[in-house]
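Text of the file coords.tsv, holding TSV, C-alpha atoms and all ligand atoms:
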```tsv
chain	number	residue	atom	x	y	z
L	16	MET	CA	82.64	90.68	85.19
L	17	ARG	CA	86.34	90.94	85.96
L	18	LEU	CA	88.05	94.07	84.59
L	19	ILE	CA	91.50	95.08	85.73
L	20	VAL	CA	93.24	98.02	84.09
L	21	ALA	CA	96.91	98.58	84.99
L	22	VAL	CA	98.11	102.19	84.79
L	23	ASP	CA	101.87	102.53	85.30
L	24	GLY	CA	104.32	105.35	84.76
L	25	PRO	CA	106.56	107.91	86.46
L	26	GLY	CA	105.36	110.75	88.72
L	27	GLY	CA	103.56	113.64	87.03
L	28	ALA	CA	102.54	111.62	83.95
L	29	GLY	CA	98.85	111.97	84.94
L	30	LYS	CA	98.27	108.50	86.44
L	31	SER	CA	96.17	109.56	89.44
L	32	THR	CA	93.74	111.90	87.71
L	33	VAL	CA	93.39	109.63	84.68
L	34	SER	CA	92.89	106.51	86.84
L	35	ARG	CA	90.27	108.20	89.04
L	36	LEU	CA	88.24	109.43	86.06
L	37	LEU	CA	88.62	106.18	84.16
L	38	ALA	CA	87.44	104.17	87.18
L	39	ARG	CA	84.40	106.41	87.52
L	40	ARG	CA	83.58	106.00	83.83
L	41	LEU	CA	83.91	102.21	84.04
L	42	GLY	CA	82.05	101.85	87.35
L	43	ALA	CA	85.18	100.24	88.77
L	44	ALA	CA	87.20	100.81	91.96
L	45	HIS	CA	90.41	102.86	91.90
L	46	LEU	CA	93.53	101.75	93.76
L	47	ASP	CA	96.54	104.06	94.14
L	48	THR	CA	99.37	101.70	95.06
L	49	GLY	CA	101.85	104.57	95.47
L	50	ALA	CA	99.79	105.59	98.51
L	51	PHE	CA	100.50	102.13	100.04
L	52	TYR	CA	104.27	102.70	99.70
L	53	ARG	CA	103.86	106.22	101.05
L	54	ALA	CA	101.86	104.99	104.10
L	55	ALA	CA	104.53	102.33	104.77
L	56	THR	CA	107.16	105.08	104.57
L	57	LEU	CA	105.20	107.23	107.04
L	58	ALA	CA	105.12	104.26	109.44
L	59	VAL	CA	108.91	103.86	109.05
L	60	LEU	CA	109.54	107.56	109.73
L	61	GLU	CA	107.15	107.59	112.71
L	62	ALA	CA	109.00	104.61	114.21
L	63	GLY	CA	112.33	106.43	113.75
L	64	ALA	CA	113.58	103.48	111.67
L	65	ASP	CA	116.34	103.73	109.05
L	66	PRO	CA	114.70	103.67	105.56
L	67	GLU	CA	117.87	102.05	104.12
L	68	ASP	CA	117.78	99.08	106.48
L	69	GLU	CA	115.29	96.42	105.39
L	70	ALA	CA	115.11	94.66	108.79
L	71	SER	CA	114.25	97.94	110.54
L	72	VAL	CA	111.73	98.83	107.83
L	73	LEU	CA	109.97	95.46	108.22
L	74	GLU	CA	109.94	95.79	112.00
L	75	ALA	CA	108.40	99.27	111.69
L	76	ILE	CA	105.52	98.09	109.49
L	77	ASP	CA	104.95	94.79	111.26
L	78	GLY	CA	101.35	94.57	112.51
L	79	ARG	CA	100.34	97.86	110.91
L	80	THR	CA	97.49	97.92	108.41
L	81	ILE	CA	97.29	100.03	105.27
L	82	ASP	CA	94.01	100.45	103.43
L	83	GLN	CA	92.27	102.74	100.99
L	84	VAL	CA	88.62	103.69	101.50
L	85	ASP	CA	86.75	106.18	99.27
L	86	GLY	CA	90.06	107.53	97.96
L	87	ARG	CA	91.44	108.14	101.47
L	88	THR	CA	94.54	106.30	102.67
L	89	LEU	CA	94.33	104.76	106.14
L	90	LEU	CA	97.19	103.64	108.37
L	91	ASP	CA	95.78	101.53	111.23
L	92	GLY	CA	92.42	103.17	110.48
L	93	ARG	CA	93.82	106.73	110.74
L	94	ASP	CA	93.36	108.98	107.70
L	95	VAL	CA	96.92	109.84	106.57
L	96	SER	CA	96.01	111.07	103.07
L	97	LYS	CA	97.66	114.46	103.68
L	98	GLU	CA	100.69	113.31	105.69
L	99	ILE	CA	101.78	110.83	103.03
L	100	ARG	CA	102.27	113.75	100.56
L	101	SER	CA	104.77	115.54	102.87
L	102	GLU	CA	108.30	116.32	101.67
L	103	GLU	CA	109.74	113.90	104.26
L	104	VAL	CA	107.68	110.98	102.99
L	105	THR	CA	108.28	111.89	99.33
L	106	GLY	CA	112.03	112.07	100.02
L	107	ALA	CA	112.21	108.59	101.60
L	108	VAL	CA	109.56	106.60	99.68
L	109	SER	CA	111.81	105.39	96.86
L	110	THR	CA	114.35	104.06	99.38
L	111	VAL	CA	111.70	102.25	101.43
L	112	SER	CA	109.93	100.83	98.36
L	113	ALA	CA	113.14	99.28	97.00
L	114	HIS	CA	113.11	96.53	99.70
L	115	SER	CA	111.91	93.26	98.18
L	116	GLU	CA	110.22	91.73	101.27
L	117	LEU	CA	108.32	94.96	101.90
L	118	ARG	CA	107.18	94.90	98.25
L	119	ARG	CA	106.07	91.28	98.54
L	120	ARG	CA	103.83	92.16	101.51
L	121	LEU	CA	102.35	95.29	99.92
L	122	VAL	CA	101.73	93.52	96.59
L	123	GLU	CA	99.76	90.85	98.48
L	124	ALA	CA	97.72	93.56	100.27
L	125	GLN	CA	97.03	95.25	96.90
L	126	ARG	CA	95.85	92.00	95.28
L	127	GLN	CA	93.54	91.33	98.24
L	128	TRP	CA	92.15	94.87	97.98
L	129	VAL	CA	91.27	94.31	94.32
L	130	ARG	CA	89.72	90.92	95.12
L	131	ARG	CA	87.50	92.60	97.75
L	132	ALA	CA	86.49	95.15	95.09
L	133	GLY	CA	85.09	92.28	93.02
L	134	ASP	CA	88.06	92.23	90.60
L	135	ARG	CA	86.86	95.42	88.90
L	136	ALA	CA	89.52	98.07	89.36
L	137	VAL	CA	91.81	100.60	87.77
L	138	VAL	CA	95.13	100.07	89.54
L	139	GLU	CA	97.87	102.68	89.25
L	140	GLY	CA	101.54	102.35	90.19
L	141	ARG	CA	104.96	101.43	88.86
L	142	ASP	CA	104.83	97.62	88.63
L	143	ILE	CA	101.14	96.83	88.14
L	144	GLY	CA	101.44	95.47	84.59
L	145	THR	CA	104.76	93.73	85.23
L	146	VAL	CA	104.29	92.23	88.73
L	147	VAL	CA	101.02	92.90	90.58
L	148	PHE	CA	98.61	92.03	87.73
L	149	PRO	CA	100.63	90.59	84.82
L	150	ASP	CA	97.28	89.24	83.54
L	151	ALA	CA	95.49	92.63	83.59
L	152	ASP	CA	92.83	93.07	80.89
L	153	LEU	CA	94.56	96.24	79.68
L	154	LYS	CA	97.96	97.73	80.53
L	155	VAL	CA	98.80	101.32	79.85
L	156	PHE	CA	102.04	103.12	80.60
L	157	LEU	CA	101.67	106.89	80.84
L	158	ASP	CA	104.76	108.96	80.21
L	159	ALA	CA	105.49	112.63	79.51
L	160	ASP	CA	108.38	114.98	78.99
L	161	PRO	CA	110.21	115.39	82.37
L	162	ALA	CA	109.90	119.21	82.30
L	163	VAL	CA	106.14	118.94	81.73
L	164	ARG	CA	105.78	116.37	84.52
L	165	ALA	CA	107.67	118.67	86.91
L	166	ALA	CA	105.50	121.66	85.93
L	167	ARG	CA	102.30	119.64	86.58
L	168	ARG	CA	103.51	118.46	90.01
L	169	SER	CA	104.68	121.96	90.90
L	170	GLY	CA	101.17	123.27	90.11
L	171	GLU	CA	99.65	120.59	92.38
L	172	ILE	CA	101.89	121.08	95.41
L	173	GLY	CA	102.91	124.74	95.04
L	174	SER	CA	106.73	124.26	95.14
L	175	ALA	CA	109.23	125.75	92.63
L	176	VAL	CA	109.46	123.82	89.34
L	177	SER	CA	113.26	123.46	89.58
L	178	GLU	CA	113.03	121.84	93.04
L	179	VAL	CA	110.21	119.53	91.96
L	180	LYS	CA	112.14	118.53	88.83
L	181	ALA	CA	115.27	117.63	90.83
L	182	ALA	CA	113.18	115.52	93.27
L	183	LEU	CA	111.28	113.79	90.42
L	184	ASP	CA	114.53	113.07	88.51
L	185	ARG	CA	115.99	111.47	91.63
L	186	ARG	CA	112.86	109.37	92.26
L	187	ASP	CA	112.68	108.30	88.57
L	188	ARG	CA	116.31	107.18	88.74
L	189	LEU	CA	115.84	105.21	91.98
L	190	ASP	CA	112.51	103.66	90.86
L	191	SER	CA	113.86	102.62	87.42
L	192	THR	CA	117.20	101.19	88.56
L	193	ARG	CA	116.17	99.15	91.63
L	194	PRO	CA	116.67	95.39	91.16
L	195	THR	CA	113.17	94.44	92.41
L	196	SER	CA	110.22	95.46	90.17
L	197	PRO	CA	111.84	98.47	88.49
L	198	LEU	CA	109.64	101.06	86.81
L	199	ARG	CA	109.33	99.97	83.19
L	200	PRO	CA	106.50	99.28	80.74
L	201	ALA	CA	105.31	95.67	80.49
L	202	PRO	CA	106.08	94.25	77.01
L	203	ASP	CA	102.34	94.23	76.26
L	204	ALA	CA	101.58	97.70	77.67
L	205	VAL	CA	100.26	100.50	75.47
L	206	VAL	CA	102.60	103.47	76.01
L	207	ILE	CA	100.82	106.85	75.93
L	208	ASP	CA	102.82	110.06	75.84
L	209	THR	CA	100.66	112.61	77.69
L	210	THR	CA	102.97	115.61	77.10
L	211	HIS	CA	100.54	117.30	74.71
L	212	LEU	CA	97.30	115.59	75.79
L	213	GLY	CA	94.57	116.79	78.16
L	214	ILE	CA	93.18	114.48	80.83
L	215	ASP	CA	89.93	113.82	78.95
L	216	GLU	CA	91.82	112.95	75.77
L	217	VAL	CA	93.86	110.35	77.67
L	218	VAL	CA	90.76	108.86	79.34
L	219	ASP	CA	88.94	108.76	75.96
L	220	HIS	CA	91.93	107.05	74.37
L	221	ILE	CA	92.07	104.36	77.08
L	222	THR	CA	88.30	103.81	76.93
L	223	GLY	CA	88.69	103.34	73.17
L	224	LEU	CA	91.40	100.73	73.73
L	225	LEU	CA	89.08	98.85	76.08
L	226	THR	CA	86.27	98.70	73.56
L	227	GLN	CA	88.72	97.35	70.95
L	228	ALA	CA	90.11	94.71	73.37
L	301	LIG	O1	102.77	107.28	92.64
L	301	LIG	P1	103.53	107.96	93.77
L	301	LIG	O2	104.41	109.08	93.30
L	301	LIG	O3	102.66	108.37	94.90
L	301	LIG	O4	104.50	106.81	94.31
L	301	LIG	C1	105.40	107.05	95.36
L	301	LIG	C2	106.57	106.08	95.29
L	301	LIG	O5	106.14	104.76	95.60
L	301	LIG	C3	107.29	105.98	93.96
L	301	LIG	O6	108.34	106.92	93.86
L	301	LIG	C4	107.81	104.56	93.95
L	301	LIG	C5	106.88	103.81	94.87
L	301	LIG	N1	105.94	102.94	94.15
L	301	LIG	C6	106.38	101.68	93.83
L	301	LIG	O7	107.54	101.37	94.06
L	301	LIG	N2	105.53	100.81	93.24
L	301	LIG	C7	104.26	101.14	92.98
L	301	LIG	N3	103.44	100.24	92.42
L	301	LIG	C8	103.80	102.45	93.27
L	301	LIG	C9	104.69	103.34	93.84
```

What is this structure when it is put down as structure tokens?
Amino acid sequence: MRLIVAVDGPGGAGKSTVSRLLARRLGAAHLDTGAFYRAATLAVLEAGADPEDEASVLEAIDGRTIDQVDGRTLLDGRDVSKEIRSEEVTGAVSTVSAHSELRRRLVEAQRQWVRRAGDRAVVEGRDIGTVVFPDADLKVFLDADPAVRAARRSGEIGSAVSEVKAALDRRDRLDSTRPTSPLRPAPDAVVIDTTHLGIDEVVDHITGLLTQA
């Protein structure tokens, strides 16, 4: 039976861990759409293209394939799961992902991925409830205090909290103010503030929402 759960929100709000655990609990696939934008950004950087220039960005990704298999991200079949978390990719991904034609292509690839997964998936990103799956069975928007989000990310990647906070603030600003598919909750999304919640509490809460739906 079809079950699509959209999990949107800014970086460090807990989307990835929550989505992975939720998918496992539901026996559904898990798609991290941020990894698609990161893999496209890696392709742009590898080609030496200008991330600001949409024509160069499209040329750089033309003919390249992005996929996710068992939680690993593949670019033309090569496992780039680590490379896409580099500082260079993180610094350029919001610029690359603001281009509307690039988004159109990646959104199509994401929809096809979910179709191949039998339409049973927890899909995390920025625009899942608003654009990719506006008809999702449940939409949640995870948010948290910016200082707490920065502290979580800093713990994951081992960089100073102040640096991580500045980079997250910049990405939040770019992602929320771009004209195409800005980061914002869908009108029918359930907003969950994870500042004071543990991962299991968030997953339990979402599972509860699904049984009520
Ligand atoms: O979830 P993440 O931090 O790995 O996402 C990296 C970037 O990708 C994020 O700053 C904006 C972009 N992104 C997007 O524009 N739309 C999505 N659905 C997911 C991510």

Quick one: of L:Arg188, L:His114, L:Arg87, L:Lys97, who's nearest to Val72 (chain L), counting all atoms listed in the file?
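Going through L:Arg188, L:His114, L:Arg87, L:Lys97 one by one, the smallest distance to Val72 (chain L) is for L:His114.
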
Contacts of chain L with ligand LIG 301 (chain L) up to 6 Å, shortest pair per row, all atoms listed in the file, as JSON lines:
```
{"residue": "L:Gly26", "atom": "CA", "partner": "L:LIG301", "partner_atom": "O2", "distance": 5.0}
{"residue": "L:Thr48", "atom": "CA", "partner": "L:LIG301", "partner_atom": "C8", "distance": 4.8}
{"residue": "L:Gly49", "atom": "CA", "partner": "L:LIG301", "partner_atom": "C9", "distance": 3.5}
{"residue": "L:Ala50", "atom": "CA", "partner": "L:LIG301", "partner_atom": "O3", "distance": 5.4}
{"residue": "L:Tyr52", "atom": "CA", "partner": "L:LIG301", "partner_atom": "O5", "distance": 5.0}
{"residue": "L:Arg53", "atom": "CA", "partner": "L:LIG301", "partner_atom": "C1", "distance": 6.0}
{"residue": "L:Val108", "atom": "CA", "partner": "L:LIG301", "partner_atom": "C2", "distance": 5.3}
{"residue": "L:Ser109", "atom": "CA", "partner": "L:LIG301", "partner_atom": "O6", "distance": 4.8}
{"residue": "L:Ser112", "atom": "CA", "partner": "L:LIG301", "partner_atom": "O7", "distance": 4.9}
{"residue": "L:Gly140", "atom": "CA", "partner": "L:LIG301", "partner_atom": "N3", "distance": 3.6}
{"residue": "L:Arg141", "atom": "CA", "partner": "L:LIG301", "partner_atom": "N3", "distance": 4.0}
{"residue": "L:Asp142", "atom": "CA", "partner": "L:LIG301", "partner_atom": "N3", "distance": 4.8}
{"residue": "L:Ile143", "atom": "CA", "partner": "L:LIG301", "partner_atom": "N3", "distance": 5.9}
{"residue": "L:Arg186", "atom": "CA", "partner": "L:LIG301", "partner_atom": "O6", "distance": 5.4}
{"residue": "L:Asp190", "atom": "CA", "partner": "L:LIG301", "partner_atom": "C4", "distance": 5.7}
```

Taking all listed atoms of region 161-178 of chain L, build the axis-aligned box, pad each of the six sides by 4 Å, then write its centre and edge lengths in Å to one decimal as JSON.
```
{"center_x": 106.5, "center_y": 120.6, "center_z": 88.6, "size_x": 21.6, "size_y": 18.4, "size_z": 21.7}
```

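Residue nearest Val163 (chain L) within the list L:Ala107, L:Leu57, L:Leu212, L:Ala204: L:Leu212 [criterion: smallest interatomic distance, only C-alpha atoms].
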
Selection: 12 Å around Leu183 (chain L), only C-alpha atoms, excl. self and same-chain fewer than 4 positions, as JSON, numbers by chain
{"L": [25, 26, 27, 28, 102, 105, 106, 108, 109, 160, 161, 162, 163, 164, 165, 166, 167, 168, 169, 176, 177, 178, 179, 187, 188, 189, 190, 191]}

Please compute the CA of Ile172 (chain L)-CA of Ser101 (chain L) distance, one decimal, in Å.
9.7 Å

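The space between CA of Ala38 (chain L) and CA of Val147 (chain L) spans 18.0 Å.
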
Tell me, in Å to one decimal, how far CA of Ser196 (chain L) is from CA of Leu157 (chain L).
17.1 Å

Find the residues near Val137 (chain L): any atom within 10 Å, counting only C-alpha atoms, skip ones fewer than 6 places away on the same chain, and give them as a list in words.
Leu18, Ile19, Val20, Ala21, Val22, Val33, Ser34, Arg35, Leu36, Leu37, Ala38, Arg39, Leu41, Gly42, Ala43, Ala44, His45, Leu46, Asp47, Val129, Ala151, Leu153 and Lys154 of chain L

Show me the residues around (90.2, 102.3, 114.6) - criterion: an atom at most 12 Å away, all atoms listed in the file counted - as a list of chain:residue names.
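These residues have at least one counted atom within 12 Å: L:Arg79, L:Thr80, L:Ile81, L:Asp82, L:Leu89, L:Leu90, L:Asp91, L:Gly92, L:Arg93, L:Asp94.
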
Nearest to Ile207 (chain L), restricted to only C-alpha atoms and choosing among L:Met16, L:Val155, L:Ile99, L:Val84, comes out as L:Val155

Minimum-distance residue to Ala113 (chain L), chosen among L:Gln227, L:Thr56, L:Thr32, L:Thr209 (using all atoms listed in the file)
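The answer is L:Thr56, which sits nearest to Ala113 (chain L).
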
Here is a test: counting all atoms listed in the file, which residue of L:Thr210, L:Ser71, L:Gln83, L:Gln125 is nearest to Val146 (chain L)?
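Among the listed residues, the smallest separation from Val146 (chain L) belongs to L:Gln125.
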
Which is closest to Leu117 (chain L) among L:Glu171, L:Glu74, L:Asp134, L:Glu61, if we use all atoms listed in the file?
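Of the candidates, the smallest distance to Leu117 (chain L) is held by L:Glu74.
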